[in-house]
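Chemist: I'm passing along protein13.tsv; it holds TSV, C-alpha atoms.
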chain	number	residue	atom	x	y	z
A	24	MET	CA	21.99	-41.36	-17.82
A	25	SER	CA	21.92	-37.92	-19.46
A	26	GLU	CA	23.16	-34.88	-17.58
A	27	THR	CA	21.86	-31.33	-17.81
A	28	GLU	CA	24.15	-28.38	-17.21
A	29	THR	CA	22.61	-25.80	-14.90
A	30	SER	CA	23.38	-22.10	-14.76
A	31	SER	CA	23.96	-20.38	-11.43
A	32	LEU	CA	22.75	-16.82	-11.10
A	33	PRO	CA	24.38	-14.68	-8.39
A	34	ILE	CA	21.49	-12.62	-6.99
A	35	ALA	CA	22.06	-9.95	-4.33
A	36	ASN	CA	20.44	-6.97	-2.61
A	37	ILE	CA	16.92	-5.57	-2.74
A	38	ALA	CA	17.14	-2.93	-5.45
A	39	LEU	CA	13.53	-1.82	-5.51
A	40	ALA	CA	10.09	-2.69	-4.15
A	41	GLU	CA	6.85	-2.04	-5.99
A	42	ILE	CA	3.28	-2.38	-4.71
A	43	ILE	CA	0.43	-2.08	-7.24
A	44	ASN	CA	-3.20	-1.61	-6.23
A	45	GLU	CA	-5.02	-4.24	-8.32
A	46	THR	CA	-8.29	-2.30	-8.17
A	47	THR	CA	-7.09	1.14	-9.29
A	48	GLY	CA	-3.76	0.29	-10.94
A	49	GLU	CA	-1.98	2.89	-8.76
A	50	ALA	CA	1.65	1.95	-8.13
A	51	PHE	CA	3.93	2.73	-5.20
A	52	ILE	CA	7.62	2.42	-6.06
A	53	PHE	CA	10.28	2.86	-3.42
A	54	ASP	CA	14.01	2.25	-3.44
A	55	THR	CA	14.32	2.60	0.32
A	56	ALA	CA	13.31	-0.94	1.18
A	57	GLU	CA	15.80	-2.49	3.58
A	58	LYS	CA	14.82	-6.15	3.44
A	59	ALA	CA	11.97	-8.50	2.60
A	60	ASP	CA	11.25	-11.94	4.04
A	61	ALA	CA	9.00	-14.01	1.76
A	62	LYS	CA	8.01	-17.38	3.20
A	63	PRO	CA	5.75	-19.95	1.50
A	64	ASP	CA	2.39	-20.52	3.17
A	65	LEU	CA	1.93	-24.28	3.12
A	66	SER	CA	-1.07	-26.53	3.44
A	67	LYS	CA	0.62	-29.29	5.38
A	68	GLY	CA	0.32	-32.85	4.15
A	69	LYS	CA	-0.29	-35.84	6.39
A	70	GLU	CA	1.59	-39.03	7.04
A	71	ASP	CA	-0.24	-42.11	8.26
A	72	ILE	CA	1.90	-45.03	9.38
A	73	LEU	CA	0.58	-48.56	9.76
A	74	ARG	CA	2.73	-50.03	12.49
A	75	VAL	CA	2.43	-53.36	14.25
A	76	LYS	CA	4.65	-53.45	17.33
A	77	ASN	CA	8.20	-52.95	16.05
A	78	ARG	CA	7.35	-53.33	12.36
A	79	ILE	CA	6.17	-50.70	9.90
A	80	ILE	CA	3.78	-52.35	7.47
A	81	ALA	CA	3.02	-49.39	5.22
A	82	MET	CA	2.94	-45.59	5.02
A	83	ASN	CA	0.46	-43.26	3.36
A	84	ARG	CA	1.80	-39.75	2.87
A	85	THR	CA	0.48	-36.60	1.17
A	86	ASP	CA	2.81	-33.74	0.23
A	87	ASP	CA	2.73	-30.14	1.37
A	88	ILE	CA	1.03	-27.70	-1.05
A	89	CYS	CA	2.02	-24.03	-1.39
A	90	ILE	CA	-1.09	-21.82	-1.32
A	91	GLY	CA	0.66	-18.44	-1.34
A	92	TYR	CA	3.38	-16.40	0.35
A	93	ASN	CA	3.63	-14.45	3.57
A	94	THR	CA	5.93	-11.45	3.14
A	95	LYS	CA	7.36	-9.02	5.68
A	96	LEU	CA	8.80	-5.88	4.05
A	97	THR	CA	10.96	-3.50	6.05
A	98	ASP	CA	11.18	0.02	4.61
A	99	ASN	CA	13.26	3.00	5.69
A	100	THR	CA	10.62	5.64	4.99
A	101	PHE	CA	6.98	6.22	5.88
A	102	SER	CA	4.26	6.59	3.19
A	103	PRO	CA	0.70	7.43	4.36
A	104	GLU	CA	-0.73	6.37	0.98
A	105	LEU	CA	0.97	2.98	1.12
A	106	MET	CA	-0.08	2.59	4.74
A	107	ALA	CA	-3.71	3.15	3.70
A	108	LEU	CA	-3.53	0.38	1.09
A	109	ILE	CA	-1.92	-2.18	3.38
A	110	ASP	CA	-3.45	-1.24	6.71
A	111	GLY	CA	-6.91	-0.37	5.36
A	112	GLY	CA	-7.12	3.19	6.71
A	113	VAL	CA	-7.22	6.58	5.03
A	114	ALA	CA	-4.42	8.97	3.99
A	115	THR	CA	-5.44	12.48	5.03
A	116	GLU	CA	-4.16	16.00	4.41
A	117	ASN	CA	-2.36	15.92	7.74
A	118	GLY	CA	-1.17	12.31	7.76
A	119	TYR	CA	-2.92	8.98	8.18
A	120	GLU	CA	-5.95	7.57	10.02
A	121	GLY	CA	-6.25	3.87	10.76
A	122	PRO	CA	-9.41	1.86	10.06
A	123	GLU	CA	-12.34	2.20	12.46
A	124	VAL	CA	-11.96	-0.11	15.41
A	125	GLY	CA	-14.32	-3.05	15.73
A	126	LYS	CA	-15.24	-3.21	12.06
A	127	VAL	CA	-14.13	-5.52	9.26
A	128	VAL	CA	-11.94	-3.67	6.74
A	129	ASN	CA	-12.54	-4.23	3.02
A	130	LYS	CA	-8.95	-3.98	1.80
A	131	ALA	CA	-7.98	-3.70	-1.86
A	132	PRO	CA	-5.77	-6.53	-3.19
A	133	TYR	CA	-2.33	-5.61	-4.48
A	134	THR	CA	0.59	-7.12	-6.37
A	135	LEU	CA	3.99	-7.05	-4.66
A	136	ASN	CA	7.06	-6.93	-6.91
A	137	LEU	CA	10.53	-7.22	-5.42
A	138	TYR	CA	13.59	-6.50	-7.58
A	139	SER	CA	17.03	-7.94	-6.87
A	140	GLU	CA	20.29	-7.67	-8.82
A	141	GLU	CA	22.16	-10.27	-10.83
A	142	LYS	CA	25.82	-9.45	-10.20
A	143	ASP	CA	28.86	-9.86	-12.44
A	144	TYR	CA	32.39	-10.79	-11.33
A	145	ASP	CA	33.36	-7.12	-10.98
A	146	SER	CA	30.25	-6.36	-8.85
A	147	SER	CA	28.45	-4.60	-11.71
A	148	THR	CA	24.75	-5.29	-12.24
A	149	LEU	CA	23.95	-7.42	-15.28
A	150	ARG	CA	20.16	-7.30	-14.97
A	151	TYR	CA	17.41	-7.48	-12.38
A	152	ALA	CA	15.40	-10.41	-11.04
A	153	LYS	CA	11.76	-9.49	-10.50
A	154	PHE	CA	9.86	-11.57	-7.92
A	155	SER	CA	6.09	-11.10	-8.23
A	156	PHE	CA	3.46	-12.12	-5.67
A	157	LYS	CA	-0.16	-11.56	-6.74
A	158	HIS	CA	-3.36	-10.82	-4.85
A	159	ASN	CA	-1.94	-9.70	-1.51
A	160	LYS	CA	-3.92	-8.46	1.47
A	161	GLY	CA	-2.11	-6.57	4.21
A	162	THR	CA	-2.27	-6.98	7.97
A	163	PRO	CA	-2.28	-4.14	10.55
A	164	VAL	CA	1.10	-2.40	10.45
A	165	GLU	CA	3.48	-2.79	13.38
A	166	PHE	CA	4.93	0.35	14.98
A	167	GLN	CA	8.36	0.22	16.61
A	168	PHE	CA	9.95	3.32	18.08
A	169	GLU	CA	13.42	3.53	19.61
A	170	ASP	CA	15.26	6.56	20.92
A	171	GLY	CA	18.15	7.66	18.72
A	172	LYS	CA	17.00	5.66	15.69
A	173	PHE	CA	14.88	6.37	12.65
A	174	TYR	CA	11.38	4.91	12.62
A	175	VAL	CA	11.41	1.83	10.37
A	176	PRO	CA	7.93	0.52	9.48
A	177	GLU	CA	7.32	-3.14	8.71
A	178	PHE	CA	4.57	-4.23	6.33
A	179	GLU	CA	3.20	-7.76	6.36
A	180	SER	CA	1.04	-9.23	3.63
A	181	THR	CA	-0.33	-12.57	2.47
A	182	SER	CA	-0.71	-13.49	-1.20
A	183	ARG	CA	-3.37	-15.89	-2.43
A	184	PRO	CA	-3.04	-16.82	-6.12
A	185	LYS	CA	-6.19	-17.82	-7.96
A	186	LYS	CA	-6.87	-21.15	-9.61
A	187	GLY	CA	-4.46	-21.71	-12.49
A	188	GLU	CA	-1.99	-19.10	-11.22
A	189	LYS	CA	1.41	-19.62	-9.58
A	190	PRO	CA	2.40	-18.55	-6.04
A	191	VAL	CA	5.45	-16.65	-7.35
A	192	TYR	CA	6.64	-15.44	-10.75
A	193	ILE	CA	10.35	-14.72	-11.35
A	194	THR	CA	11.33	-12.80	-14.47
A	195	PHE	CA	14.52	-11.05	-15.53
A	196	VAL	CA	14.40	-7.45	-16.74
A	197	ASP	CA	17.08	-5.06	-17.97
A	198	GLU	CA	15.75	-1.94	-16.22
A	199	LEU	CA	13.97	-1.01	-13.02
A	200	PRO	CA	10.68	0.91	-13.00
A	201	SER	CA	11.31	4.63	-12.72
A	202	VAL	CA	11.02	6.02	-9.21
A	203	ASP	CA	10.64	9.56	-10.51
A	204	ASP	CA	7.44	8.91	-12.45
A	205	GLY	CA	5.65	7.69	-9.31
A	206	GLY	CA	4.90	4.37	-10.91
A	207	THR	CA	2.41	5.87	-13.36
A	208	THR	CA	1.50	3.80	-16.41
A	209	PRO	CA	1.08	4.93	-20.02
A	210	THR	CA	-2.35	6.20	-21.03
A	211	VAL	CA	-4.86	5.43	-23.76
A	212	PRO	CA	-5.57	8.90	-25.23
A	213	ASN	CA	-8.22	7.63	-27.69
A	214	PRO	CA	-9.91	4.62	-26.10
A	215	PRO	CA	-12.42	2.76	-28.27
A	216	GLU	CA	-16.11	3.44	-27.70
A	217	PRO	CA	-17.43	1.31	-24.81
A	218	THR	CA	-19.84	-1.46	-25.80
A	219	ASN	CA	-22.79	-2.96	-23.93
A	220	PRO	CA	-23.24	-6.64	-23.05
A	221	ASP	CA	-25.40	-8.68	-25.43
A	222	GLU	CA	-27.59	-11.08	-23.46
A	223	SER	CA	-28.73	-12.99	-26.55
A	224	THR	CA	-25.19	-13.97	-27.60
A	225	GLY	CA	-23.44	-13.83	-24.23
A	226	THR	CA	-20.94	-11.31	-25.58
A	227	PRO	CA	-19.61	-9.02	-22.84
A	228	GLY	CA	-19.48	-5.26	-23.14
A	229	VAL	CA	-15.94	-3.88	-23.19
A	230	THR	CA	-14.59	-0.65	-21.74
A	231	ILE	CA	-10.96	0.44	-22.17
A	232	GLY	CA	-10.01	3.06	-19.61
A	233	SER	CA	-7.59	5.89	-20.29
A	234	ASP	CA	-5.50	4.35	-17.47
A	235	CYS	CA	-5.09	1.11	-19.54
A	236	ARG	CA	-7.55	-0.85	-17.42
A	237	VAL	CA	-9.87	-3.18	-19.31
A	238	THR	CA	-13.36	-4.00	-18.03
A	239	TRP	CA	-15.63	-6.73	-19.41
A	240	THR	CA	-19.29	-6.59	-18.32
A	241	PHE	CA	-21.56	-9.62	-18.81
A	242	ALA	CA	-25.36	-9.67	-18.84
A	243	ASP	CA	-25.35	-12.90	-16.81
A	244	ALA	CA	-23.11	-14.11	-13.99
A	245	VAL	CA	-20.16	-16.24	-15.12
A	246	ASN	CA	-18.44	-19.24	-13.59
A	247	ASP	CA	-15.83	-17.81	-11.21
A	248	ALA	CA	-13.52	-20.79	-11.78
A	249	ASP	CA	-13.09	-19.60	-15.38
A	250	VAL	CA	-12.10	-16.07	-14.38
A	251	ILE	CA	-8.34	-16.55	-14.74
A	252	ALA	CA	-5.54	-14.73	-16.54
A	253	ALA	CA	-5.57	-17.20	-19.44
A	254	ASN	CA	-9.17	-16.25	-20.30
A	255	PHE	CA	-8.97	-12.48	-19.73
A	256	LYS	CA	-5.77	-11.04	-21.09
A	257	VAL	CA	-4.11	-8.21	-22.98
A	258	THR	CA	-1.52	-9.03	-25.64
A	259	LYS	CA	0.78	-6.98	-27.87
A	260	LYS	CA	-0.71	-7.04	-31.37
A	261	SER	CA	2.68	-7.23	-33.13
A	262	ASP	CA	3.94	-10.44	-31.54
A	263	GLY	CA	1.19	-11.76	-29.26
A	264	SER	CA	3.26	-11.36	-26.09
A	265	VAL	CA	1.10	-11.25	-22.96
A	266	VAL	CA	0.96	-8.14	-20.77
A	267	PRO	CA	1.45	-8.97	-17.07
A	268	GLY	CA	-1.47	-7.91	-14.94
A	269	ASP	CA	-4.16	-8.89	-12.48
A	270	VAL	CA	-7.68	-10.12	-13.13
A	271	THR	CA	-10.43	-9.35	-10.59
A	272	MET	CA	-14.17	-10.01	-10.46
A	273	ASP	CA	-16.92	-8.14	-8.61
A	274	THR	CA	-19.39	-9.77	-6.22
A	275	THR	CA	-22.13	-10.08	-8.88
A	276	LYS	CA	-19.76	-12.21	-11.00
A	277	LYS	CA	-20.66	-10.05	-14.00
A	278	ILE	CA	-17.83	-7.49	-14.11
A	279	ILE	CA	-14.25	-8.62	-14.83
A	280	THR	CA	-11.39	-6.12	-14.67
A	281	PHE	CA	-7.82	-6.44	-15.94
A	282	VAL	CA	-5.25	-4.09	-14.38
A	283	PRO	CA	-1.85	-4.18	-16.14
A	284	THR	CA	1.22	-4.20	-13.91
A	285	SER	CA	3.59	-3.42	-16.78
A	286	ILE	CA	2.64	-1.86	-20.11
A	287	SER	CA	4.50	0.25	-22.69
A	288	ALA	CA	3.65	3.51	-24.42
A	289	GLY	CA	3.20	3.78	-28.18
A	290	VAL	CA	2.09	0.18	-28.63
A	291	THR	CA	-1.12	-1.33	-30.02
A	292	TYR	CA	-2.63	-4.01	-27.78
A	293	GLN	CA	-5.52	-6.45	-28.02
A	294	ALA	CA	-7.81	-7.10	-25.04
A	295	THR	CA	-9.43	-10.54	-25.27
A	296	ALA	CA	-12.13	-12.24	-23.22
A	297	ALA	CA	-12.35	-15.93	-24.07
A	298	SER	CA	-15.54	-17.98	-24.20
A	299	ILE	CA	-16.26	-19.22	-20.67
A	300	ARG	CA	-19.08	-20.96	-18.81
A	301	LYS	CA	-22.07	-19.14	-17.37
A	302	ALA	CA	-22.67	-19.54	-13.65
A	303	ASP	CA	-26.12	-21.12	-14.10
A	304	GLY	CA	-24.79	-23.78	-16.49
A	305	SER	CA	-26.98	-22.58	-19.36
A	306	GLY	CA	-24.09	-22.36	-21.80
A	307	ASN	CA	-20.98	-20.41	-22.68
A	308	THR	CA	-20.30	-16.75	-23.35
A	309	THR	CA	-18.99	-15.48	-26.68
A	310	SER	CA	-15.36	-14.39	-26.97
A	311	VAL	CA	-14.53	-10.80	-27.91
A	312	THR	CA	-11.33	-8.89	-28.79
A	313	VAL	CA	-10.85	-5.11	-28.77
A	314	GLU	CA	-7.78	-3.13	-29.89
A	315	PHE	CA	-6.34	-0.03	-28.25
A	316	THR	CA	-3.14	2.01	-28.54
A	317	THR	CA	-1.16	3.53	-25.67
A	318	ALA	CA	0.75	6.81	-25.55
Translate the structure of the given file into structure tokens.

Modeler:
Amino acid sequence: MSETETSSLPIANIALAEIINETTGEAFIFDTAEKADAKPDLSKGKEDILRVKNRIIAMNRTDDICIGYNTKLTDNTFSPELMALIDGGVATENGYEGPEVGKVVNKAPYTLNLYSEEKDYDSSTLRYAKFSFKHNKGTPVEFQFEDGKFYVPEFESTSRPKKGEKPVYITFVDELPSVDDGGTTPTVPNPPEPTNPDESTGTPGVTIGSDCRVTWTFADAVNDADVIAANFKVTKKSDGSVVPGDVTMDTTKKIITFVPTSISAGVTYQATAASIRKADGSGNTTSVTVEFTTA
């Protein structure tokens, strides 16, 4: 029997937390996070046992399936803007207002990135482990006040990956996102001219925003099962490496948006929409690729 040597990575601390609005691309980066508890949300399997008196004849068992993660993040500071994204209210000039009571809140989905440190023998940091949870929706924020102590808010959210995606992505990076830049992304100073959808060929119109967002607009509704990251992506032109980001679709199933969660300045990228099925089953769309350069 062959043996495989495994490597053990000593991971410690919560170095940084990052929450990215998947609709606007706005990022909230804070190094004041105290702890985060991420627990898998499981669809429980079943176990049926065929038993006759004191004998088990057979068992039929299905396994648990992870459908996302429930995360509780404890921070040491209060951000009205972040509260608005998670809680569903509004950040005002004077503070924060919660959502109107008795009404359903249409909350924007967000990506939660948690950074931890890989430690060396002398306690120095070798690199950072980035844990990413996509498509989160927040729950009403808990308030806990105690005399003689700082107010410490706790944010709870639930991630729900789409078909073809994973419940968690772990990557290793050499640097943390900059806290000083407010999480802003590079821009596209000269975006290509937007195009219109072509109903006769099924080719979507493409718009590249100055904020690096890519929007594909179709003349006809598309099959929502095909709206996944593999079919709507941005890649670096030089080597084809894929830009991490989130893909969303509007209620008409005609507008697909890609919001990058990490993108570099001074690089030429290609935004590609693959050929996918139309919602009415009448055929497939036509693929399209557009280039743009960041600054």

Chemist: Give me, please, the distance in Å between atom CA of A:Pro63 and atom CA of A:Asp269, quoted to one decimal.

Modeler: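 Here the two named atoms are 20.4 Å from each other.
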
Chemist: Which value, in Å to one decimal, gives the distance between atom CA of A:Lys259 and atom CA of A:Ala296?

Modeler: 14.7 Å

Chemist: Give as a PyMOL selection string the set of residues within 7 Å of the point (-5.1, -13.3, -16.3), where distances use the file's coordinates and all atoms listed in the file.

Modeler: chain A and resi 251-256+268-270

Chemist: Please list as a list in words every residue within 7 Å of stretch 128-136 of chain A, counting only C-alpha atoms and excluding residues in the same chain fewer than 3 positions away.

Modeler: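 So, after excluding close chain neighbours, the residues are Ala40, Glu41, Ile42, Ile43, Asn44, Glu45, Thr46, Leu108, Gly111, Pro122, Lys153, Phe154, Ser155, Phe156, Lys157, His158, Asn159 and Lys160 of chain A.
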
Chemist: List the neighbours of stretch 272-284 of chain A out to 8 Å using only C-alpha atoms; skip same-chain residues closer than 6 positions along the sequence, and give me the result as JSON, numbers by chain.

Modeler: {"A": [43, 45, 46, 47, 48, 235, 236, 237, 238, 239, 240, 241, 242, 243, 244, 245, 246, 247, 250, 255, 256, 266]}

Chemist: Quick one: residues within 12 Å of A:Ser223, all atoms listed in the file, excluding same-chain residues fewer than 3 positions away - as a PDB file with C-alpha atoms, keeping the file's coordinate frame?

Modeler:
ATOM      1  CA  ASN A 219     -22.790  -2.960 -23.930  1.00  0.00           C
ATOM      2  CA  PRO A 220     -23.240  -6.640 -23.050  1.00  0.00           C
ATOM      3  CA  THR A 226     -20.940 -11.310 -25.580  1.00  0.00           C
ATOM      4  CA  PRO A 227     -19.610  -9.020 -22.840  1.00  0.00           C
ATOM      5  CA  PHE A 241     -21.560  -9.620 -18.810  1.00  0.00           C
ATOM      6  CA  ALA A 242     -25.360  -9.670 -18.840  1.00  0.00           C
ATOM      7  CA  ASP A 243     -25.350 -12.900 -16.810  1.00  0.00           C
ATOM      8  CA  GLY A 306     -24.090 -22.360 -21.800  1.00  0.00           C
ATOM      9  CA  ASN A 307     -20.980 -20.410 -22.680  1.00  0.00           C
ATOM     10  CA  THR A 308     -20.300 -16.750 -23.350  1.00  0.00           C
ATOM     11  CA  THR A 309     -18.990 -15.480 -26.680  1.00  0.00           C
TER      12      THR A 309
END

Chemist: In Å to one decimal, how far is atom CA of A:Lys142 from atom CA of A:Leu199?

Modeler: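 Spanning atom CA of A:Leu199 to atom CA of A:Lys142 is a straight-line distance of 14.8 Å.
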
Chemist: What box, with edges along x, y and z, holds each listed atom of stretch 76-89 of chain A when 4 Å is added on every side, and can you state its centre and edge lengths in Å to one decimal, as lines of an AutoDock Vina configuration file?

Modeler:
center_x = 4.3
center_y = -38.7
center_z = 8.0
size_x = 15.7
size_y = 37.4
size_z = 26.7

Chemist: Report as a tab-separated table (two decimals) with C-alpha atoms, in the frame of the given file all protein, DNA and RNA residues lying within 12 Å of A:Asp197, evaluated on all atoms listed in the file, omitting residues in the same chain fewer than 5 positions from it.

Modeler:
chain	number	residue	atom	x	y	z
A	138	TYR	CA	13.59	-6.50	-7.58
A	139	SER	CA	17.03	-7.94	-6.87
A	140	GLU	CA	20.29	-7.67	-8.82
A	141	GLU	CA	22.16	-10.27	-10.83
A	148	THR	CA	24.75	-5.29	-12.24
A	149	LEU	CA	23.95	-7.42	-15.28
A	150	ARG	CA	20.16	-7.30	-14.97
A	151	TYR	CA	17.41	-7.48	-12.38
A	152	ALA	CA	15.40	-10.41	-11.04
A	153	LYS	CA	11.76	-9.49	-10.50

Chemist: Measuring between all atoms listed in the file, which one of A:Gly68, A:Pro215, A:Pro209, A:Gly225 shows the shortest distance to A:Val290?

Modeler: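 Answer, going by the shortest atom-to-atom distance: A:Pro209.
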
Chemist: Can you work out which one of A:Gln167, A:Asp87, A:Pro103, A:Pro200 has the shortest atom-to-atom distance to A:Asn117, counting all atoms listed in the file?

Modeler: A:Pro103

Chemist: Set the distance at 8 Å and use only C-alpha atoms: which residues neighbour A:Glu314 once local chain neighbours fewer than 2 positions away are removed? I'd like the list as number ranges by chain.

Modeler: A: 215, 291-294, 312, 316
